[in-house]
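Listing of coords.cif, mmCIF, C-alpha atoms
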data_coords
loop_
_atom_site.label_atom_id
_atom_site.label_comp_id
_atom_site.auth_asym_id
_atom_site.auth_seq_id
_atom_site.Cartn_x
_atom_site.Cartn_y
_atom_site.Cartn_z
CA MET J 70 -13.70 23.71 -11.46
CA VAL J 71 -11.96 20.99 -13.50
CA ILE J 72 -8.51 19.41 -13.60
CA GLU J 73 -6.43 20.54 -16.58
CA ASP J 74 -7.61 18.39 -19.46
CA ILE J 75 -5.60 15.33 -20.45
CA SER J 76 -7.02 12.29 -22.20
CA PHE J 77 -8.33 9.16 -20.48
CA THR J 78 -5.48 7.18 -22.02
CA GLU J 79 -2.88 9.61 -20.70
CA GLU J 80 -4.41 9.38 -17.23
CA ASN J 81 -4.25 5.58 -17.42
CA TYR J 82 -0.57 5.72 -18.35
CA LEU J 83 0.27 8.09 -15.50
CA LYS J 84 -1.59 5.89 -13.01
CA ALA J 85 0.15 2.77 -14.34
CA ILE J 86 3.58 4.41 -14.06
CA PHE J 87 2.75 5.50 -10.51
CA GLN J 88 1.74 1.96 -9.54
CA LEU J 89 4.71 0.25 -11.17
CA SER J 90 7.15 2.78 -9.74
CA GLN J 91 6.06 1.99 -6.17
CA ASN J 92 4.26 5.30 -5.69
CA GLY J 93 6.65 7.25 -7.92
CA GLU J 94 9.86 6.21 -6.18
CA LYS J 95 11.68 4.37 -9.00
CA ASP J 96 11.96 4.24 -12.79
CA VAL J 97 9.66 2.01 -14.84
CA PHE J 98 10.58 0.06 -17.97
CA THR J 99 8.33 0.41 -20.99
CA ASN J 100 8.02 -3.37 -21.33
CA ASP J 101 6.43 -3.50 -17.88
CA LEU J 102 4.01 -0.75 -18.92
CA SER J 103 3.19 -2.67 -22.07
CA GLU J 104 2.38 -5.79 -20.07
CA LEU J 105 0.30 -4.01 -17.44
CA LEU J 106 -1.72 -2.03 -19.97
CA ASN J 107 -1.90 -4.90 -22.47
CA THR J 108 -0.60 -2.55 -25.17
CA LYS J 109 1.97 -3.03 -27.93
CA PRO J 110 5.49 -1.79 -27.01
CA ALA J 111 5.53 0.60 -29.97
CA SER J 112 2.31 2.26 -28.75
CA VAL J 113 3.77 2.60 -25.26
CA THR J 114 6.87 4.28 -26.68
CA ASP J 115 4.75 6.74 -28.67
CA MET J 116 2.69 7.63 -25.62
CA CYS J 117 5.79 8.06 -23.45
CA ARG J 118 7.18 10.54 -25.97
CA LYS J 119 3.88 12.41 -25.89
CA LEU J 120 3.79 12.53 -22.09
CA ALA J 121 7.40 13.68 -22.00
CA GLN J 122 6.55 16.54 -24.37
CA LYS J 123 3.85 17.60 -21.90
CA ASN J 124 6.42 17.47 -19.07
CA LEU J 125 4.44 14.74 -17.29
CA ILE J 126 7.21 12.12 -17.36
CA ASN J 127 10.96 11.89 -17.80
CA TYR J 128 11.70 9.55 -20.67
CA ILE J 129 15.04 8.39 -22.06
CA LYS J 130 14.97 5.60 -24.64
CA TYR J 131 16.14 2.25 -23.22
CA GLN J 132 16.41 3.75 -19.72
CA GLY J 133 12.80 3.72 -18.59
CA VAL J 134 10.45 6.45 -17.45
CA SER J 135 9.69 8.34 -14.25
CA LEU J 136 7.03 10.84 -13.28
CA THR J 137 7.80 14.54 -13.11
CA GLU J 138 6.32 16.48 -10.21
CA SER J 139 3.37 17.57 -12.35
CA GLY J 140 2.96 14.00 -13.64
CA LYS J 141 2.96 12.61 -10.12
CA THR J 142 0.37 15.20 -9.06
CA LYS J 143 -1.94 14.15 -11.88
CA ALA J 144 -1.35 10.46 -11.20
CA LEU J 145 -2.27 10.97 -7.55
CA GLN J 146 -5.47 12.74 -8.59
CA VAL J 147 -6.51 9.73 -10.66
CA VAL J 148 -5.57 7.29 -7.90
CA ARG J 149 -7.49 9.39 -5.38
CA LYS J 150 -10.64 9.39 -7.52
CA HIS J 151 -10.42 5.67 -8.23
CA ARG J 152 -10.07 4.69 -4.59
CA LEU J 153 -12.75 7.09 -3.34
CA TRP J 154 -15.20 5.69 -5.89
CA GLU J 155 -14.37 2.17 -4.72
CA VAL J 156 -15.24 3.18 -1.16
CA PHE J 157 -18.50 4.74 -2.35
CA LEU J 158 -19.46 1.64 -4.36
CA VAL J 159 -18.84 -0.71 -1.42
CA GLU J 160 -20.16 1.40 1.44
CA LYS J 161 -23.10 3.13 -0.23
CA LEU J 162 -24.16 0.89 -3.12
CA ASP J 163 -23.44 -2.52 -1.57
CA PHE J 164 -20.95 -3.66 -4.19
CA HIS J 165 -18.57 -6.42 -3.10
CA TRP J 166 -14.84 -5.67 -3.04
CA ASP J 167 -14.32 -7.98 -6.03
CA GLU J 168 -16.81 -5.99 -8.17
CA VAL J 169 -15.64 -2.40 -7.86
CA HIS J 170 -12.40 -2.11 -9.83
CA GLU J 171 -13.81 -2.00 -13.36
CA VAL J 172 -16.57 0.45 -12.40
CA ALA J 173 -14.08 2.71 -10.60
CA GLU J 174 -11.87 2.57 -13.72
CA GLN J 175 -14.66 4.40 -15.54
CA LEU J 176 -15.54 6.82 -12.73
CA GLU J 177 -11.92 7.86 -12.10
CA HIS J 178 -11.92 9.94 -15.29
CA ILE J 179 -14.63 12.35 -14.09
CA LYS J 180 -12.95 15.76 -14.15
CA SER J 181 -14.84 17.79 -11.53
CA THR J 182 -12.61 18.48 -8.53
CA LEU J 183 -15.62 19.86 -6.63
CA LEU J 184 -17.46 16.54 -7.03
CA ILE J 185 -14.47 14.58 -5.72
CA LYS J 186 -14.03 17.00 -2.81
CA GLN J 187 -17.69 16.58 -1.86
CA LEU J 188 -17.47 12.80 -2.34
CA ASP J 189 -14.51 12.67 0.05
CA LYS J 190 -16.45 14.70 2.62
CA PHE J 191 -19.60 12.57 2.15
CA LEU J 192 -17.59 9.40 2.82
CA GLY J 193 -16.00 10.87 5.96
CA PHE J 194 -12.51 11.40 4.48
CA PRO J 195 -11.51 7.71 4.31
CA GLN J 196 -7.80 6.89 4.40
CA TYR J 197 -8.05 3.48 2.74
CA ASP J 198 -10.04 1.88 -0.07
CA PRO J 199 -11.86 -1.49 0.26
CA HIS J 200 -8.65 -3.37 -0.62
CA GLY J 201 -6.55 -1.57 2.00
CA ASP J 202 -4.78 0.75 -0.44
CA PRO J 203 -4.15 4.28 0.90
CA ILE J 204 -6.23 7.12 -0.53
CA PRO J 205 -4.33 10.35 -1.28
CA ASN J 206 -5.91 13.34 0.41
CA GLU J 207 -6.66 16.58 -1.43
CA ALA J 208 -3.01 17.60 -1.10
CA GLY J 209 -1.83 14.27 -2.53
CA ILE J 210 -0.59 12.96 0.82
CA MET J 211 -1.17 9.31 1.72
CA TYR J 212 -1.00 7.72 5.16
CA ILE J 213 1.09 4.55 4.77
CA GLU J 214 0.52 1.97 7.47
CA ARG J 215 3.37 -0.34 8.50
CA LYS J 216 2.59 -3.77 7.11
CA LYS J 217 4.14 -7.01 5.95
CA LEU J 218 3.07 -9.92 3.79
CA LEU J 219 1.60 -12.85 5.67
CA CYS J 220 4.21 -15.15 4.12
CA GLU J 221 6.93 -13.11 5.85
CA ALA J 222 5.46 -13.63 9.33
CA ASP J 223 6.87 -16.17 11.79
CA ILE J 224 5.05 -18.81 13.79
CA GLY J 225 3.27 -17.06 16.66
CA ASP J 226 3.10 -13.70 14.90
CA LYS J 227 -0.30 -12.03 14.73
CA GLY J 228 -1.83 -8.94 13.22
CA TYR J 229 -4.84 -7.52 11.42
CA VAL J 230 -5.45 -7.83 7.70
CA VAL J 231 -4.77 -4.35 6.30
CA GLY J 232 -4.64 -4.98 2.57
CA VAL J 233 -4.21 -7.33 -0.35
CA GLN J 234 -1.51 -7.33 -3.01
CA ASP J 235 -3.67 -9.11 -5.61
CA THR J 236 -7.01 -7.42 -6.39
CA ASN J 237 -8.04 -9.94 -9.03
CA PRO J 238 -11.74 -10.75 -8.46
CA LYS J 239 -10.98 -14.49 -8.37
CA PHE J 240 -8.54 -13.99 -5.51
CA LEU J 241 -10.93 -11.72 -3.59
CA LYS J 242 -13.75 -14.26 -3.98
CA HIS J 243 -11.39 -16.95 -2.68
CA LEU J 244 -10.71 -14.83 0.42
CA ASP J 245 -14.47 -14.43 0.88
CA ARG J 246 -14.81 -18.22 0.87
CA LEU J 247 -12.09 -18.38 3.52
CA GLU J 248 -13.94 -15.63 5.44
CA ILE J 249 -10.81 -13.47 5.42
CA GLY J 250 -11.22 -9.75 4.87
CA LEU J 251 -9.90 -6.39 6.03
CA LYS J 252 -9.62 -6.01 9.81
CA CYS J 253 -9.70 -9.78 10.43
CA SER J 254 -7.15 -10.81 13.04
CA ILE J 255 -4.73 -13.53 11.99
CA LYS J 256 -2.28 -15.57 14.04
CA ILE J 257 0.32 -17.89 12.47
CA LEU J 258 0.00 -21.35 14.04
CA ASP J 259 2.37 -23.27 11.78
CA LYS J 260 4.38 -23.00 8.54
CA ILE J 261 4.72 -26.09 6.37
CA ASP J 262 8.24 -26.49 5.00
CA TYR J 263 7.17 -28.71 2.10
CA ASP J 264 5.00 -26.20 0.23
CA GLY J 265 5.13 -22.97 2.24
CA SER J 266 1.48 -23.20 3.24
CA LEU J 267 0.34 -21.79 6.57
CA GLU J 268 -1.98 -22.90 9.33
CA ILE J 269 -3.64 -19.80 10.77
CA GLU J 270 -6.22 -18.75 13.32
CA VAL J 271 -8.74 -16.15 12.10
CA ASP J 272 -10.49 -13.80 14.51
CA LYS J 273 -9.33 -15.93 17.47
CA LYS J 274 -11.89 -18.63 16.70
CA ARG J 275 -11.45 -20.27 13.28
CA LYS J 276 -8.49 -22.37 12.23
CA THR J 277 -7.76 -22.88 8.53
CA SER J 278 -4.94 -23.59 6.09
CA ILE J 279 -3.90 -21.28 3.26
CA SER J 280 -1.48 -21.80 0.40
CA GLN J 281 1.81 -20.00 0.00
CA GLN J 282 0.32 -18.11 -2.96
CA VAL J 283 -2.50 -16.77 -0.80
CA ALA J 284 -0.07 -15.85 1.99
CA GLN J 285 2.04 -13.91 -0.55
CA ASN J 286 -0.91 -11.65 -1.31
CA ILE J 287 -2.25 -10.71 2.14
CA PHE J 288 -0.82 -7.81 4.13
CA ILE J 289 -1.07 -7.79 7.92
CA SER J 290 -0.24 -5.01 10.34
CA CYS J 291 3.19 -4.96 11.95
CA ALA J 292 3.43 -5.12 15.72
#
Here is a file; write its structure as structure tokens.
Amino acid sequence: MVIEDISFTEENYLKAIFQLSQNGEKDVFTNDLSELLNTKPASVTDMCRKLAQKNLINYIKYQGVSLTESGKTKALQVVRKHRLWEVFLVEKLDFHWDEVHEVAEQLEHIKSTLLIKQLDKFLGFPQYDPHGDPIPNEAGIMYIERKKLLCEADIGDKGYVVGVQDTNPKFLKHLDRLEIGLKCSIKILDKIDYDGSLEIEVDKKRKTSISQQVAQNIFISCA
């Protein structure tokens, strides 16, 4: 059994629109798509017209784009495959979390729904990928955990790391050097007014300082 055939490029566009639209909840401007996909604006416009003809997006010139129900379904399928493959690469093939994105970008275009269903079962039906992003289930439903950015926390607040906003390998490697990863407990000890940096306690034993930029890209659980 295979998903109705659309091109790799079309799948990438649908996934990008889904991500930029905050899981399909708002319209996306073509300039933002152009920047994310590193594609010329004219090419983005052409593809949007093509996707609109296939009833995968709603597109009105100068007013942005949004996913139709069928477009959102297909976008969720691609997101699901990508995040399941990331789990597989980390848990079964010993990849690090900073190494999996590009490989999963290739694997997400495999069409077999049976393979993905069996992969999900093999992995124990995970709800989150190695970066803390929710994995849509077979019905396209995602469990969204309550979370906030570390920079939004107050002195004395504590929680567990549940995700990262920036999945750039350089940032993930920096977190590895700080020994901060998913499920680490973090407590805010102090906030520095001068530069917005934080003094934190990690796993109730290590104290360290992190920059405001780092704090803006770490999600912790809400109490």
CA of Ile261 in chain J to CA of Leu244 in chain J, distance in Å rounded to a single decimal: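 Separating CA of Ile261 in chain J from CA of Leu244 in chain J is a distance of 20.0 Å.
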Which residues are close to Leu219 in chain J, i.e. within 10 Å by all atoms listed in the file, leaving aside same-chain residues fewer than 6 positions away? Reply as a ChimeraX atom specification. /J:226-228,230,255-257,267,281,283-290
Lys119 in chain J environment, 12 Å, all atoms listed in the file, sequence neighbours closer than 4 positions dropped, as a ChimeraX atom specification: /J:75-76,78-79,82-83,112-115,123-128
Point out the residue among J:Asp235, J:Ile213, J:Phe191, J:Glu138 with the least atom-to-atom distance to Lys161 in chain J, counting all atoms listed in the file. J:Phe191
Would you translate the PyMOL selection byres ((chain J and resi 208) around 10) into the concrete set of residues it matches in this file, as number ranges by chain? J: 142, 145-146, 205-207, 209-211
Can you turn the PyMOL selection byres ((chain J and resi 101) around 10) into a concrete residue list for this file, as JSON, numbers by chain? {"J": [85, 86, 89, 97, 98, 99, 100, 102, 103, 104, 105, 106, 107, 110, 113, 133]}
J:Gln122, J:Thr236, J:Gln175, J:Asn81 ranked by distance to Gly201 in chain J, top pick (using all atoms listed in the file):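 Once distances to Gly201 in chain J are computed over all atoms listed in the file, the minimum belongs to J:Thr236.
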Kindly compute an axis-aligned box around the listed atoms of range 208-214 of chain J, allowing 3 Å on each side, and express its centre and edge lengths in Å to one decimal as lines of an AutoDock Vina configuration file.
center_x = -1.0
center_y = 9.8
center_z = 2.5
size_x = 10.1
size_y = 21.6
size_z = 16.0
Test item: the PyMOL selection byres ((chain J and resi 253) around 10) resolved as JSON, numbers by chain: {"J": [228, 229, 230, 231, 248, 249, 250, 251, 252, 254, 255, 271, 272, 273, 289]}
Counting all atoms listed in the file, the residue of J:Asp189, J:Glu80, J:Glu168, J:Asp202 that sits nearest Val147 in chain J: J:Glu80
Record the distance separating CA of Trp166 in chain J and CA of Glu221 in chain J, expressed in Å with one decimal. 24.7 Å
Take range 137-159 of chain J, bring it up to N, CA and C atoms, and give me the output as a PDB file, keeping the file's coordinate frame.
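This went into result24.pdb:
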ATOM      1  N   THR J 137       7.386  13.219 -13.572  1.00  0.00           N
ATOM      2  CA  THR J 137       7.800  14.540 -13.110  1.00  0.00           C
ATOM      3  C   THR J 137       6.901  14.925 -11.939  1.00  0.00           C
ATOM      4  N   GLU J 138       7.167  16.040 -11.324  1.00  0.00           N
ATOM      5  CA  GLU J 138       6.320  16.480 -10.210  1.00  0.00           C
ATOM      6  C   GLU J 138       4.887  16.708 -10.676  1.00  0.00           C
ATOM      7  N   SER J 139       4.728  17.336 -11.844  1.00  0.00           N
ATOM      8  CA  SER J 139       3.370  17.570 -12.350  1.00  0.00           C
ATOM      9  C   SER J 139       2.714  16.246 -12.751  1.00  0.00           C
ATOM     10  N   GLY J 140       3.499  15.311 -13.282  1.00  0.00           N
ATOM     11  CA  GLY J 140       2.960  14.000 -13.640  1.00  0.00           C
ATOM     12  C   GLY J 140       2.520  13.221 -12.410  1.00  0.00           C
ATOM     13  N   LYS J 141       3.323  13.307 -11.357  1.00  0.00           N
ATOM     14  CA  LYS J 141       2.960  12.610 -10.120  1.00  0.00           C
ATOM     15  C   LYS J 141       1.699  13.220  -9.509  1.00  0.00           C
ATOM     16  N   THR J 142       1.572  14.540  -9.576  1.00  0.00           N
ATOM     17  CA  THR J 142       0.370  15.200  -9.060  1.00  0.00           C
ATOM     18  C   THR J 142      -0.869  14.703  -9.779  1.00  0.00           C
ATOM     19  N   LYS J 143      -0.791  14.614 -11.099  1.00  0.00           N
ATOM     20  CA  LYS J 143      -1.940  14.150 -11.880  1.00  0.00           C
ATOM     21  C   LYS J 143      -2.219  12.668 -11.628  1.00  0.00           C
ATOM     22  N   ALA J 144      -1.167  11.869 -11.497  1.00  0.00           N
ATOM     23  CA  ALA J 144      -1.350  10.460 -11.200  1.00  0.00           C
ATOM     24  C   ALA J 144      -2.057  10.273  -9.861  1.00  0.00           C
ATOM     25  N   LEU J 145      -1.647  11.055  -8.879  1.00  0.00           N
ATOM     26  CA  LEU J 145      -2.270  10.970  -7.550  1.00  0.00           C
ATOM     27  C   LEU J 145      -3.736  11.379  -7.603  1.00  0.00           C
ATOM     28  N   GLN J 146      -4.078  12.341  -8.451  1.00  0.00           N
ATOM     29  CA  GLN J 146      -5.470  12.740  -8.590  1.00  0.00           C
ATOM     30  C   GLN J 146      -6.319  11.586  -9.116  1.00  0.00           C
ATOM     31  N   VAL J 147      -5.778  10.868 -10.097  1.00  0.00           N
ATOM     32  CA  VAL J 147      -6.510   9.730 -10.660  1.00  0.00           C
ATOM     33  C   VAL J 147      -6.641   8.613  -9.634  1.00  0.00           C
ATOM     34  N   VAL J 148      -5.549   8.321  -8.937  1.00  0.00           N
ATOM     35  CA  VAL J 148      -5.570   7.290  -7.900  1.00  0.00           C
ATOM     36  C   VAL J 148      -6.569   7.646  -6.813  1.00  0.00           C
ATOM     37  N   ARG J 149      -6.560   8.909  -6.411  1.00  0.00           N
ATOM     38  CA  ARG J 149      -7.490   9.390  -5.380  1.00  0.00           C
ATOM     39  C   ARG J 149      -8.941   9.170  -5.805  1.00  0.00           C
ATOM     40  N   LYS J 150      -9.270   9.557  -7.031  1.00  0.00           N
ATOM     41  CA  LYS J 150     -10.640   9.390  -7.520  1.00  0.00           C
ATOM     42  C   LYS J 150     -11.027   7.925  -7.576  1.00  0.00           C
ATOM     43  N   HIS J 151     -10.137   7.099  -8.110  1.00  0.00           N
ATOM     44  CA  HIS J 151     -10.420   5.670  -8.230  1.00  0.00           C
ATOM     45  C   HIS J 151     -10.737   5.057  -6.868  1.00  0.00           C
ATOM     46  N   ARG J 152      -9.913   5.334  -5.897  1.00  0.00           N
ATOM     47  CA  ARG J 152     -10.070   4.690  -4.590  1.00  0.00           C
ATOM     48  C   ARG J 152     -11.259   5.248  -3.812  1.00  0.00           C
ATOM     49  N   LEU J 153     -11.545   6.533  -3.977  1.00  0.00           N
ATOM     50  CA  LEU J 153     -12.750   7.090  -3.340  1.00  0.00           C
ATOM     51  C   LEU J 153     -14.006   6.474  -3.942  1.00  0.00           C
ATOM     52  N   TRP J 154     -14.029   6.305  -5.258  1.00  0.00           N
ATOM     53  CA  TRP J 154     -15.200   5.690  -5.890  1.00  0.00           C
ATOM     54  C   TRP J 154     -15.349   4.246  -5.441  1.00  0.00           C
ATOM     55  N   GLU J 155     -14.259   3.543  -5.223  1.00  0.00           N
ATOM     56  CA  GLU J 155     -14.370   2.170  -4.720  1.00  0.00           C
ATOM     57  C   GLU J 155     -15.011   2.151  -3.338  1.00  0.00           C
ATOM     58  N   VAL J 156     -14.615   3.089  -2.487  1.00  0.00           N
ATOM     59  CA  VAL J 156     -15.240   3.180  -1.160  1.00  0.00           C
ATOM     60  C   VAL J 156     -16.735   3.453  -1.294  1.00  0.00           C
ATOM     61  N   PHE J 157     -17.088   4.391  -2.143  1.00  0.00           N
ATOM     62  CA  PHE J 157     -18.500   4.740  -2.350  1.00  0.00           C
ATOM     63  C   PHE J 157     -19.290   3.525  -2.832  1.00  0.00           C
ATOM     64  N   LEU J 158     -18.761   2.790  -3.793  1.00  0.00           N
ATOM     65  CA  LEU J 158     -19.460   1.640  -4.360  1.00  0.00           C
ATOM     66  C   LEU J 158     -19.703   0.553  -3.312  1.00  0.00           C
ATOM     67  N   VAL J 159     -18.710   0.328  -2.448  1.00  0.00           N
ATOM     68  CA  VAL J 159     -18.840  -0.710  -1.420  1.00  0.00           C
ATOM     69  C   VAL J 159     -19.727  -0.251  -0.265  1.00  0.00           C
TER      70      VAL J 159
END
